[in-house]
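Trainee: Structure incoming, see below.
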Amino acid sequence: MAKFMGLAEAIAQNVRDGDTVAMEGFTHLIPFAAGHEIIRQGRKHLTLIRMTPDLIYDQMIGMGCADKLVFSWGGNPGVGSTHRMRDAVENGWPNQLAIEEHSHAAMANAYEAGAANLPFAVLRGYIGVDLPKVNSKIKSVTCPYTGEVLATVPAHRPDVGIIHAQRADKEGNVLIEGITGCQKEVVLASKRTIVTVEEVVEKLNPPSFNSVVLPHWTVGAISHVVGGAHPSYAQGYYKRDNSFYIAWDKISRDRDTFLAWMKENVLEKTPEAFAVHAKKGSA
Amino acid sequence: MADFTRNEMMTIVAARALKNDDVCFVGIGAPSAACNLARLTHAPQITLIYESGTIGTRPNVLPLSIGDGELCETALTTVSVPEMFRYWLQGGRITVGFLGGAQIDKFANINTTVVGDYDKPKVRLPGGGGAPEIATNCGEIFITMAMGKRAFLDKLPFITSMGHGPTGKERRAYGTKSKGPTRLITDMCVFEPDAETKEMTIVSIHPGVTREEIAENCGWTPRYAAQCGETPAPTAQELEVLRDIQARTKAAHAA
């Protein structure tokens, strides 16, 4: 049942050391403010699940929050490497990071299987490639009807699922529009959920009968964090800050530059600091 | 001959490979420029699909990521990511998948995962993303990559996406019905698979490029088709449209 609370309280109540945490948003609506709050609260030993780790997991990995990463594409889209993730995998800094690597199709299917309360997902995938040799979770099943051999992966059932959405109404019903990624599946697959929203409105007024709406009784904590997806974006509220994604390459390449940036922009800030990035009507 | 770069040549030749009635799954990086150039020149009705779920998108500037808001705003419709991979890609609705890559071999297998040992990598690359399933579920695959000794390898350290398999026979052996890589467009030449061996074979050389240069930038001894000719040079219109969209893109991403 949806409960409104501040972001610090939502993270403190729901994210524990050692949890498996999935923070989704496919380029769009990435829950950066929630990630920063997890870093500030010093959560450790997390297993982080996300299709595209992006800058948010680069920051969390670099700050030592994660023991393991489950992912399918780990880069800075259109720019290059996620340097903190690379430093952890290649050099064990700031700690060793175990990886469980999939393809996008498998990750999307695994979230859907989790939402559907199934133990595993089936797909026509991983044909002729090396990932199954290095990821023992990738197995296969023979179709009982046709005899076709299909790939399987275990369902994602995170302890905590975290997303950012455009808005919620006072009751806690949540609306997501634009590129909706796997957010609906993550919320329905997770034991506990946190949703940060740009806006809280009296009535949701979904724009069409088929809008993506999460009923209040499927959602856990809701926190109102204006600008909470920056430097990702919230369609209808503000644009993706592509210049920051480009700038991150330089900030994150060097350990000291990275730590200095995190101190100034995350450790010494609060969720309210995100509001400066949201200029309504600019997207 | 001096009025275009090899990178422009590569993008323009890649764009020419696409047809007006194609439904094209656009990979991140170089393919995105080629696909949009095709849409803005000879293939205005082409359907471009990005893995973020945007179907029939018509961006005015090239997206930096595969999920920029521009893609959604100009799309016919946007679906969820599980639906994109299940109904549209696995469902067999895509005629062409357009991929880039970090490393490639003579049978057009691609590595975007790791250089060196997987558990102790020399360089950790981003990984497969959508590519492993794009490579087998699309009708055919076009690949675009600049040549170089570190990119065009005799043997890959890791196969992220299958081309025709390590010996050229595996794709058929797996019973995969799609064609796999039918064209590899580089900054120096165009490769197509040999009908029998599936080895990627050079079918045309770009203007101003020599066979010696190609040999210096290829990790295996490349084979040439019997009728290997010269790739037609970019037209003034192709260059103008490409430079326009790149200038618009640069201005937009700096903002």
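Labels used: A, B, ... for chains in the order of the structure tokens, numbers from 1 for residues in each chain, and numbers from 1 for ligands as shown.
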Using only C-alpha atoms, find each residue of chain A with at least one atom at most 7 Å away from an atom of chain B; report its shortest atom-to-atom pair and that distance in Å (one decimal), sort the rows by chain and rising residue number, and return the result as CSV.

Mentor:
residue,atom,partner,partner_atom,distance
A:Phe26,CA,B:Ser52,CA,6.5
A:Thr27,CA,B:Gly67,CA,5.2
A:His28,CA,B:Gly67,CA,6.5
A:Ser72,CA,B:Gly129,CA,5.1
A:Trp73,CA,B:Gly129,CA,4.6
A:Gly74,CA,B:Pro126,CA,4.4
A:Gly75,CA,B:Pro126,CA,4.9
A:Pro77,CA,B:Ser65,CA,4.9
A:Gly78,CA,B:Leu64,CA,5.0
A:Ser81,CA,B:Pro126,CA,6.9
A:Arg86,CA,B:Arg124,CA,6.0
A:Glu90,CA,B:Pro121,CA,6.0
A:Ser103,CA,B:Gly129,CA,5.2
A:His104,CA,B:Gly129,CA,4.9
A:Ala105,CA,B:Phe85,CA,5.5
A:Ala108,CA,B:Pro82,CA,4.8
A:Asn109,CA,B:Pro82,CA,6.1
A:Glu112,CA,B:Pro82,CA,7.0
A:Arg124,CA,B:Gln90,CA,7.0
A:Gly125,CA,B:Glu133,CA,5.4
A:Tyr126,CA,B:Pro132,CA,6.1
A:Gly128,CA,B:Met162,CA,5.5
A:Val129,CA,B:Ile159,CA,5.3
A:Asp130,CA,B:Ile159,CA,5.3
A:Leu131,CA,B:Thr160,CA,7.0
A:Gly178,CA,B:Cys72,CA,6.3
A:Ile179,CA,B:Thr78,CA,6.4
A:Thr180,CA,B:Ser80,CA,5.4
A:Gly181,CA,B:Val81,CA,4.7
A:Cys182,CA,B:Val81,CA,5.9
A:Gln235,CA,B:Gly69,CA,6.6
A:Lys239,CA,B:Gly69,CA,7.0
A:Arg240,CA,B:Asp68,CA,6.8
A:Asn242,CA,B:His253,CA,5.5
A:Ser243,CA,B:Ala254,CA,5.4

Trainee: Take the residues from that selection and write them out as a short mmCIF file (atom, residue, chain, number, x, y, z; two decimals), in the first residue's frame, keeping N, CA and C atoms.

Mentor:
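Done, and the output landed in part.cif:
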data_model
loop_
_atom_site.label_atom_id
_atom_site.label_comp_id
_atom_site.auth_asym_id
_atom_site.auth_seq_id
_atom_site.Cartn_x
_atom_site.Cartn_y
_atom_site.Cartn_z
N PHE A 26 14.91 2.91 -18.49
CA PHE A 26 15.75 2.62 -19.65
C PHE A 26 16.12 3.95 -20.31
N THR A 27 17.26 4.51 -19.90
CA THR A 27 17.72 5.83 -20.32
C THR A 27 16.83 6.94 -19.72
N HIS A 28 15.53 6.74 -19.81
CA HIS A 28 14.52 7.68 -19.30
C HIS A 28 14.22 7.36 -17.83
N SER A 72 23.25 -6.10 -18.43
CA SER A 72 23.38 -6.54 -19.82
C SER A 72 24.11 -5.55 -20.72
N TRP A 73 24.29 -4.31 -20.30
CA TRP A 73 25.10 -3.38 -21.12
C TRP A 73 25.66 -2.31 -20.20
N GLY A 74 26.96 -2.34 -19.97
CA GLY A 74 27.57 -1.44 -18.99
C GLY A 74 28.45 -0.39 -19.62
N GLY A 75 27.84 0.66 -20.13
CA GLY A 75 28.63 1.75 -20.70
C GLY A 75 27.93 3.08 -20.48
N PRO A 77 26.15 5.56 -22.56
CA PRO A 77 25.60 5.46 -23.92
C PRO A 77 26.05 6.59 -24.85
N GLY A 78 26.64 6.21 -25.97
CA GLY A 78 27.07 7.19 -26.96
C GLY A 78 28.35 7.91 -26.59
N SER A 81 33.05 4.36 -21.92
CA SER A 81 33.05 3.43 -20.79
C SER A 81 32.39 4.04 -19.56
N ARG A 86 34.41 -0.21 -14.68
CA ARG A 86 35.59 -0.86 -15.25
C ARG A 86 36.69 -1.01 -14.21
N GLU A 90 38.17 -4.50 -13.44
CA GLU A 90 39.55 -4.74 -13.88
C GLU A 90 40.55 -4.71 -12.74
N SER A 103 22.06 -10.79 -21.72
CA SER A 103 21.69 -9.91 -22.83
C SER A 103 20.45 -9.12 -22.40
N HIS A 104 20.15 -8.03 -23.13
CA HIS A 104 18.95 -7.24 -22.83
C HIS A 104 17.69 -8.11 -22.87
N ALA A 105 17.59 -8.93 -23.91
CA ALA A 105 16.38 -9.74 -24.07
C ALA A 105 16.17 -10.62 -22.84
N ALA A 108 15.10 -8.45 -19.74
CA ALA A 108 13.71 -8.00 -19.86
C ALA A 108 12.76 -9.16 -19.59
N ASN A 109 13.11 -10.33 -20.13
CA ASN A 109 12.30 -11.53 -19.89
C ASN A 109 12.33 -11.93 -18.42
N GLU A 112 10.01 -9.76 -16.48
CA GLU A 112 8.63 -10.11 -16.80
C GLU A 112 8.23 -11.41 -16.08
N ARG A 124 14.13 -17.24 -27.15
CA ARG A 124 14.95 -17.75 -28.25
C ARG A 124 16.17 -16.84 -28.31
N GLY A 125 17.17 -17.21 -27.51
CA GLY A 125 18.31 -16.31 -27.40
C GLY A 125 19.60 -17.02 -27.09
N TYR A 126 20.67 -16.24 -26.97
CA TYR A 126 22.00 -16.74 -26.63
C TYR A 126 22.49 -17.80 -27.63
N GLY A 128 24.71 -19.40 -30.27
CA GLY A 128 26.04 -19.30 -30.86
C GLY A 128 26.95 -18.28 -30.20
N VAL A 129 26.69 -17.92 -28.95
CA VAL A 129 27.50 -16.90 -28.29
C VAL A 129 28.18 -17.46 -27.03
N ASP A 130 29.13 -16.70 -26.49
CA ASP A 130 29.95 -17.20 -25.38
C ASP A 130 29.40 -16.89 -23.98
N LEU A 131 28.39 -16.03 -23.86
CA LEU A 131 27.92 -15.69 -22.50
C LEU A 131 27.51 -16.91 -21.66
N GLY A 178 6.02 7.86 -21.80
CA GLY A 178 7.24 7.97 -22.60
C GLY A 178 7.88 6.60 -22.72
N ILE A 179 9.20 6.56 -22.67
CA ILE A 179 9.90 5.27 -22.70
C ILE A 179 9.74 4.65 -21.32
N THR A 180 8.97 3.55 -21.25
CA THR A 180 8.60 2.99 -19.95
C THR A 180 9.48 1.82 -19.55
N GLY A 181 10.39 1.39 -20.42
CA GLY A 181 11.40 0.39 -20.05
C GLY A 181 10.82 -0.84 -19.39
N CYS A 182 11.35 -1.19 -18.23
CA CYS A 182 10.89 -2.36 -17.46
C CYS A 182 10.31 -1.93 -16.12
N GLN A 235 10.16 12.79 -19.29
CA GLN A 235 9.42 13.30 -20.46
C GLN A 235 8.27 14.19 -20.01
N LYS A 239 14.64 17.66 -20.03
CA LYS A 239 15.34 16.82 -21.01
C LYS A 239 16.53 16.09 -20.40
N ARG A 240 16.97 15.05 -21.13
CA ARG A 240 18.20 14.36 -20.76
C ARG A 240 19.36 15.35 -20.86
N ASN A 242 22.46 15.62 -21.88
CA ASN A 242 23.50 14.91 -22.62
C ASN A 242 24.88 15.50 -22.37
N SER A 243 24.96 16.82 -22.12
CA SER A 243 26.27 17.42 -21.87
C SER A 243 26.87 16.89 -20.57
#

Trainee: As an MDAnalysis selection string, list the residues of region 37-197 of chain B assigned to strand (DSSP E or B) by DSSP on the backbone atoms of this structure.

Mentor: chainID B and resid 47:49 54:55 77:78 96:99 103:104 110:111 114:116 121:124 140:144 152 161 181:185 189:193

Trainee: With C-alpha atoms retained, could you export that selection as a CSV table (one decimal), in the first residue's frame?

Mentor:
chain,number,residue,atom,x,y,z
B,47,THR,CA,10.7,2.2,-40.0
B,48,LEU,CA,13.5,2.7,-37.5
B,49,ILE,CA,13.2,0.9,-34.2
B,54,THR,CA,10.4,3.5,-29.9
B,55,ILE,CA,8.9,2.3,-33.2
B,77,THR,CA,4.4,4.5,-30.9
B,78,THR,CA,6.6,3.5,-27.9
B,96,VAL,CA,17.3,-5.7,-40.8
B,97,GLY,CA,19.3,-5.4,-37.6
B,98,PHE,CA,22.1,-2.8,-37.9
B,99,LEU,CA,25.0,-3.4,-35.5
B,103,GLN,CA,36.0,-6.4,-32.7
B,104,ILE,CA,35.0,-8.6,-35.6
B,110,ILE,CA,31.3,-9.7,-33.0
B,111,ASN,CA,33.0,-9.0,-29.7
B,114,VAL,CA,35.9,-8.2,-23.1
B,115,VAL,CA,39.6,-8.0,-24.3
B,116,GLY,CA,41.7,-10.7,-22.6
B,121,PRO,CA,40.0,-8.7,-18.4
B,122,LYS,CA,42.6,-6.4,-19.9
B,123,VAL,CA,39.7,-4.2,-21.1
B,124,ARG,CA,36.2,-4.6,-19.9
B,140,GLU,CA,19.4,-10.1,-42.0
B,141,ILE,CA,22.2,-8.1,-40.3
B,142,PHE,CA,24.3,-5.2,-41.6
B,143,ILE,CA,27.4,-4.2,-39.7
B,144,THR,CA,29.4,-1.0,-39.8
B,152,PHE,CA,39.5,-6.9,-37.4
B,161,SER,CA,27.0,-11.9,-31.1
B,181,PRO,CA,25.4,-10.7,-41.6
B,182,THR,CA,24.9,-10.0,-45.3
B,183,ARG,CA,27.0,-6.8,-45.4
B,184,LEU,CA,29.9,-5.3,-43.5
B,185,ILE,CA,30.5,-1.7,-44.4
B,189,CYS,CA,35.6,-1.2,-48.3
B,190,VAL,CA,32.4,-3.3,-48.3
B,191,PHE,CA,32.4,-7.0,-47.4
B,192,GLU,CA,29.7,-9.6,-48.2
B,193,PRO,CA,29.7,-13.3,-47.2

Trainee: Using DSSP on the backbone, list every residue of region 60-236 of chain A that comes out as helix (DSSP H, G or I), and give them as a ChimeraX atom specification.

Mentor: /A:60-62,83-91,104-115,131-134,183-189,216-218

Trainee: Find the residues near Leu37 (chain B): any atom within 10 Å, counting only C-alpha atoms, skip ones fewer than 5 places away on the same chain, and give them as a PDB file with N, CA and C atoms, in the first residue's frame.

Mentor:
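Written out: out-v4.pdb:
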ATOM      1  N   THR B  11      29.606   6.009 -43.390  1.00  0.00           N
ATOM      2  CA  THR B  11      28.218   6.256 -42.990  1.00  0.00           C
ATOM      3  C   THR B  11      27.310   6.298 -44.211  1.00  0.00           C
ATOM      4  N   ILE B  12      27.755   6.952 -45.270  1.00  0.00           N
ATOM      5  CA  ILE B  12      26.942   7.097 -46.479  1.00  0.00           C
ATOM      6  C   ILE B  12      26.729   5.735 -47.158  1.00  0.00           C
ATOM      7  N   ALA B  14      26.852   2.849 -45.702  1.00  0.00           N
ATOM      8  CA  ALA B  14      25.980   2.075 -44.797  1.00  0.00           C
ATOM      9  C   ALA B  14      24.531   2.479 -45.003  1.00  0.00           C
ATOM     10  N   ALA B  15      24.291   3.779 -45.150  1.00  0.00           N
ATOM     11  CA  ALA B  15      22.917   4.261 -45.350  1.00  0.00           C
ATOM     12  C   ALA B  15      22.322   3.702 -46.648  1.00  0.00           C
ATOM     13  N   ARG B  16      23.150   3.628 -47.691  1.00  0.00           N
ATOM     14  CA  ARG B  16      22.660   3.143 -48.995  1.00  0.00           C
ATOM     15  C   ARG B  16      22.158   1.701 -48.927  1.00  0.00           C
ATOM     16  N   LEU B  18      20.182   0.408 -46.885  1.00  0.00           N
ATOM     17  CA  LEU B  18      18.813   0.298 -46.380  1.00  0.00           C
ATOM     18  C   LEU B  18      17.789   0.673 -47.447  1.00  0.00           C
ATOM     19  N   PRO B  31      25.710   2.854 -36.360  1.00  0.00           N
ATOM     20  CA  PRO B  31      24.521   2.525 -37.151  1.00  0.00           C
ATOM     21  C   PRO B  31      23.441   3.601 -37.104  1.00  0.00           C
ATOM     22  N   SER B  32      23.324   4.296 -35.977  1.00  0.00           N
ATOM     23  CA  SER B  32      22.253   5.276 -35.825  1.00  0.00           C
ATOM     24  C   SER B  32      22.386   6.413 -36.849  1.00  0.00           C
ATOM     25  N   HIS B  42      17.175   8.581 -49.340  1.00  0.00           N
ATOM     26  CA  HIS B  42      16.453   7.749 -50.311  1.00  0.00           C
ATOM     27  C   HIS B  42      15.367   6.866 -49.702  1.00  0.00           C
ATOM     28  N   ALA B  43      15.288   6.798 -48.370  1.00  0.00           N
ATOM     29  CA  ALA B  43      14.338   5.857 -47.764  1.00  0.00           C
ATOM     30  C   ALA B  43      13.443   6.558 -46.737  1.00  0.00           C
ATOM     31  N   PRO B  44      12.641   7.545 -47.190  1.00  0.00           N
ATOM     32  CA  PRO B  44      11.874   8.357 -46.226  1.00  0.00           C
ATOM     33  C   PRO B  44      10.831   7.567 -45.430  1.00  0.00           C
ATOM     34  N   LEU B  62      20.545  13.356 -34.062  1.00  0.00           N
ATOM     35  CA  LEU B  62      20.907  11.978 -33.714  1.00  0.00           C
ATOM     36  C   LEU B  62      20.898  11.836 -32.194  1.00  0.00           C
ATOM     37  N   GLU B 238      24.126  13.591 -50.434  1.00  0.00           N
ATOM     38  CA  GLU B 238      24.384  12.712 -49.287  1.00  0.00           C
ATOM     39  C   GLU B 238      25.268  13.412 -48.254  1.00  0.00           C
ATOM     40  N   LEU B 239      26.325  14.065 -48.745  1.00  0.00           N
ATOM     41  CA  LEU B 239      27.244  14.752 -47.835  1.00  0.00           C
ATOM     42  C   LEU B 239      26.566  15.903 -47.109  1.00  0.00           C
ATOM     43  N   VAL B 241      23.323  16.343 -46.410  1.00  0.00           N
ATOM     44  CA  VAL B 241      22.346  15.891 -45.410  1.00  0.00           C
ATOM     45  C   VAL B 241      23.070  15.325 -44.180  1.00  0.00           C
ATOM     46  N   LEU B 242      24.133  14.569 -44.407  1.00  0.00           N
ATOM     47  CA  LEU B 242      24.883  13.995 -43.289  1.00  0.00           C
ATOM     48  C   LEU B 242      25.510  15.094 -42.428  1.00  0.00           C
ATOM     49  N   ARG B 243      26.145  16.060 -43.082  1.00  0.00           N
ATOM     50  CA  ARG B 243      26.807  17.132 -42.319  1.00  0.00           C
ATOM     51  C   ARG B 243      25.792  17.991 -41.581  1.00  0.00           C
ATOM     52  N   ILE B 245      22.852  17.007 -40.312  1.00  0.00           N
ATOM     53  CA  ILE B 245      22.327  16.341 -39.110  1.00  0.00           C
ATOM     54  C   ILE B 245      23.418  16.244 -38.043  1.00  0.00           C
TER      55      ILE B 245
END

Trainee: I want to know what sits within 8 Å of Ala98 (chain A), based on only C-alpha atoms, with residues of the same chain fewer than 3 positions away left out; could you give that as a list in words?

Mentor: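 Answer for this query is Asp67, Lys68, Leu69 and Val89 of chain A.
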
Trainee: Next, the residues of the selection above should be written as a PDB file, in the first residue's frame with C-alpha atoms.

Mentor:
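Output contents, as saved in result-v2.pdb:
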ATOM      1  CA  ASP A  67      29.389  -6.576  -4.107  1.00  0.00           C
ATOM      2  CA  LYS A  68      27.731  -7.811  -7.284  1.00  0.00           C
ATOM      3  CA  LEU A  69      26.307  -6.437 -10.521  1.00  0.00           C
ATOM      4  CA  VAL A  89      35.986  -5.210 -12.607  1.00  0.00           C
TER       5      VAL A  89
END

Trainee: List the spatial neighbours of Phe274 (chain A) as a PyMOL selection string - criterion: any atom at most 9 Å away, only C-alpha atoms, same-chain residues fewer than 5 positions off excluded.

Mentor: chain A and resi 33+225-230

Trainee: Convert the current residue selection to file output with N, CA and C atoms, as a PDB file, in the first residue's frame.

Mentor:
ATOM      1  N   ALA A  33      18.154  10.363  -7.790  1.00  0.00           N
ATOM      2  CA  ALA A  33      18.068  10.894  -6.419  1.00  0.00           C
ATOM      3  C   ALA A  33      18.060   9.742  -5.413  1.00  0.00           C
ATOM      4  N   VAL A 225      10.251  13.871  -5.291  1.00  0.00           N
ATOM      5  CA  VAL A 225      11.588  14.431  -5.494  1.00  0.00           C
ATOM      6  C   VAL A 225      11.625  15.123  -6.858  1.00  0.00           C
ATOM      7  N   VAL A 226      11.470  16.416  -6.851  1.00  0.00           N
ATOM      8  CA  VAL A 226      11.481  17.187  -8.103  1.00  0.00           C
ATOM      9  C   VAL A 226      12.873  17.099  -8.729  1.00  0.00           C
ATOM     10  N   GLY A 227      12.915  16.759 -10.028  1.00  0.00           N
ATOM     11  CA  GLY A 227      14.199  16.656 -10.733  1.00  0.00           C
ATOM     12  C   GLY A 227      14.959  15.375 -10.407  1.00  0.00           C
ATOM     13  N   GLY A 228      14.303  14.421  -9.744  1.00  0.00           N
ATOM     14  CA  GLY A 228      14.978  13.231  -9.207  1.00  0.00           C
ATOM     15  C   GLY A 228      15.582  12.281 -10.225  1.00  0.00           C
ATOM     16  N   ALA A 229      15.338  12.516 -11.517  1.00  0.00           N
ATOM     17  CA  ALA A 229      15.930  11.641 -12.543  1.00  0.00           C
ATOM     18  C   ALA A 229      17.163  12.267 -13.192  1.00  0.00           C
ATOM     19  N   HIS A 230      17.473  13.523 -12.884  1.00  0.00           N
ATOM     20  CA  HIS A 230      18.614  14.181 -13.529  1.00  0.00           C
ATOM     21  C   HIS A 230      19.918  13.452 -13.216  1.00  0.00           C
TER      22      HIS A 230
END

Trainee: Residues near region 1-18 of chain A, anyone? I mean within 10 Å using only C-alpha atoms, not counting same-chain ones fewer than 6 positions away, as a PyMOL selection string.

Mentor: chain A and resi 33-35+37-38+40-48+65-68+159-162+170-174+191-196+215-225+270-272

Trainee: Now that the selection is made, can you save its residues with N, CA and C atoms as a compact mmCIF listing (two decimals), in the first residue's frame?

Mentor:
# COMPACT_ATOMS: atom_id res chain seq x y z
N ALA A 33 18.15 10.36 -7.79
CA ALA A 33 18.07 10.89 -6.42
C ALA A 33 18.06 9.74 -5.41
N ALA A 34 17.35 8.67 -5.73
CA ALA A 34 17.30 7.51 -4.84
C ALA A 34 18.68 6.87 -4.72
N GLY A 35 19.39 6.76 -5.84
CA GLY A 35 20.74 6.20 -5.81
C GLY A 35 21.66 7.04 -4.93
N GLU A 37 20.80 8.89 -2.43
CA GLU A 37 20.43 8.71 -1.01
C GLU A 37 21.00 7.39 -0.46
N ILE A 38 21.01 6.34 -1.30
CA ILE A 38 21.60 5.07 -0.87
C ILE A 38 23.09 5.26 -0.59
N ARG A 40 24.55 8.11 0.29
CA ARG A 40 24.68 8.92 1.53
C ARG A 40 24.46 8.09 2.77
N GLN A 41 23.53 7.12 2.69
CA GLN A 41 23.26 6.29 3.87
C GLN A 41 24.27 5.16 4.04
N GLY A 42 25.22 5.07 3.09
CA GLY A 42 26.33 4.14 3.24
C GLY A 42 25.95 2.67 3.16
N ARG A 43 24.93 2.35 2.37
CA ARG A 43 24.57 0.94 2.20
C ARG A 43 25.72 0.18 1.54
N LYS A 44 25.93 -1.07 2.01
CA LYS A 44 27.05 -1.89 1.51
C LYS A 44 26.55 -3.27 1.07
N HIS A 45 27.42 -3.96 0.34
CA HIS A 45 27.22 -5.37 -0.03
C HIS A 45 25.94 -5.61 -0.82
N LEU A 46 25.50 -4.60 -1.57
CA LEU A 46 24.28 -4.77 -2.37
C LEU A 46 24.59 -5.59 -3.62
N THR A 47 23.58 -6.37 -4.06
CA THR A 47 23.59 -6.92 -5.42
C THR A 47 22.73 -5.98 -6.25
N LEU A 48 23.34 -5.33 -7.22
CA LEU A 48 22.63 -4.35 -8.02
C LEU A 48 22.22 -4.96 -9.36
N CYS A 65 29.15 0.64 -2.74
CA CYS A 65 27.86 0.12 -2.28
C CYS A 65 27.63 -1.34 -2.69
N ALA A 66 28.33 -1.80 -3.74
CA ALA A 66 27.93 -3.06 -4.38
C ALA A 66 28.98 -4.16 -4.26
N ASP A 67 28.53 -5.39 -4.02
CA ASP A 67 29.39 -6.58 -4.11
C ASP A 67 29.22 -7.27 -5.46
N LYS A 68 28.03 -7.07 -6.05
CA LYS A 68 27.73 -7.81 -7.28
C LYS A 68 26.86 -6.96 -8.21
N ASP A 159 14.81 -7.80 -3.75
CA ASP A 159 14.30 -7.39 -2.44
C ASP A 159 13.63 -6.03 -2.55
N VAL A 160 14.30 -5.15 -3.30
CA VAL A 160 13.78 -3.79 -3.46
C VAL A 160 13.81 -3.39 -4.93
N GLY A 161 12.71 -2.85 -5.43
CA GLY A 161 12.66 -2.27 -6.76
C GLY A 161 12.47 -0.76 -6.63
N ILE A 162 13.27 -0.01 -7.35
CA ILE A 162 13.20 1.45 -7.23
C ILE A 162 13.05 2.07 -8.62
N LYS A 170 -2.83 11.79 -4.87
CA LYS A 170 -2.78 11.81 -3.40
C LYS A 170 -2.94 10.42 -2.79
N GLU A 171 -3.63 9.55 -3.55
CA GLU A 171 -3.86 8.20 -3.06
C GLU A 171 -2.63 7.30 -3.25
N GLY A 172 -1.72 7.73 -4.14
CA GLY A 172 -0.51 6.96 -4.37
C GLY A 172 -0.53 6.13 -5.65
N ASN A 173 -1.52 6.40 -6.52
CA ASN A 173 -1.49 5.78 -7.86
C ASN A 173 -0.42 6.49 -8.68
N VAL A 174 0.33 5.73 -9.49
CA VAL A 174 1.51 6.28 -10.16
C VAL A 174 1.36 6.20 -11.67
N LYS A 191 9.90 -7.38 -3.82
CA LYS A 191 9.24 -7.54 -2.52
C LYS A 191 8.85 -6.19 -1.94
N ARG A 192 9.77 -5.22 -2.02
CA ARG A 192 9.48 -3.87 -1.52
C ARG A 192 9.76 -2.89 -2.66
N THR A 193 9.05 -1.76 -2.66
CA THR A 193 9.26 -0.82 -3.76
C THR A 193 9.32 0.62 -3.27
N ILE A 194 10.12 1.40 -3.98
CA ILE A 194 10.20 2.84 -3.74
C ILE A 194 9.99 3.53 -5.08
N VAL A 195 9.07 4.49 -5.10
CA VAL A 195 8.84 5.27 -6.31
C VAL A 195 9.08 6.74 -5.98
N THR A 196 10.00 7.38 -6.70
CA THR A 196 10.13 8.83 -6.59
C THR A 196 9.36 9.45 -7.74
N PRO A 215 -1.38 0.91 -9.78
CA PRO A 215 -2.35 1.19 -8.72
C PRO A 215 -1.65 1.33 -7.36
N HIS A 216 -2.20 2.17 -6.48
CA HIS A 216 -1.53 2.48 -5.20
C HIS A 216 -1.24 1.24 -4.37
N TRP A 217 -2.04 0.19 -4.55
CA TRP A 217 -1.85 -1.01 -3.73
C TRP A 217 -0.73 -1.92 -4.25
N THR A 218 -0.07 -1.51 -5.37
CA THR A 218 1.11 -2.27 -5.84
C THR A 218 2.41 -1.57 -5.47
N VAL A 219 2.30 -0.38 -4.86
CA VAL A 219 3.46 0.47 -4.63
C VAL A 219 3.73 0.57 -3.13
N GLY A 220 5.01 0.63 -2.74
CA GLY A 220 5.37 0.78 -1.33
C GLY A 220 5.53 2.24 -0.97
N ALA A 221 6.77 2.68 -0.86
CA ALA A 221 7.03 4.07 -0.49
C ALA A 221 6.97 4.97 -1.71
N ILE A 222 6.38 6.16 -1.55
CA ILE A 222 6.42 7.18 -2.60
C ILE A 222 7.05 8.44 -2.03
N SER A 223 8.05 8.95 -2.76
CA SER A 223 8.71 10.18 -2.33
C SER A 223 8.63 11.21 -3.44
N HIS A 224 8.26 12.43 -3.07
CA HIS A 224 8.18 13.51 -4.04
C HIS A 224 9.57 14.15 -4.15
N VAL A 225 10.25 13.87 -5.29
CA VAL A 225 11.59 14.43 -5.49
C VAL A 225 11.62 15.12 -6.86
N THR A 270 21.34 17.12 -0.40
CA THR A 270 20.11 16.41 0.00
C THR A 270 19.26 16.22 -1.26
N PRO A 271 18.19 15.41 -1.19
CA PRO A 271 17.36 15.20 -2.39
C PRO A 271 16.80 16.50 -2.97
N GLU A 272 16.63 17.51 -2.12
CA GLU A 272 16.05 18.78 -2.60
C GLU A 272 16.95 19.44 -3.65

Trainee: Calculated over only C-alpha atoms, which of the candidates A:Ser190, A:Gln166, A:Thr152, A:Asn205 has the smallest distance to Lys137 (chain A)?

Mentor: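 Residue with the minimum atom-to-atom distance to Lys137 (chain A): A:Thr152.
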
Trainee: Expressed in Å to a single decimal, how great is the separation between CA of Lys19 (chain B) and CA of Gln45 (chain B)?

Mentor: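 Going from CA of Lys19 (chain B) over to CA of Gln45 (chain B), I get 8.8 Å.
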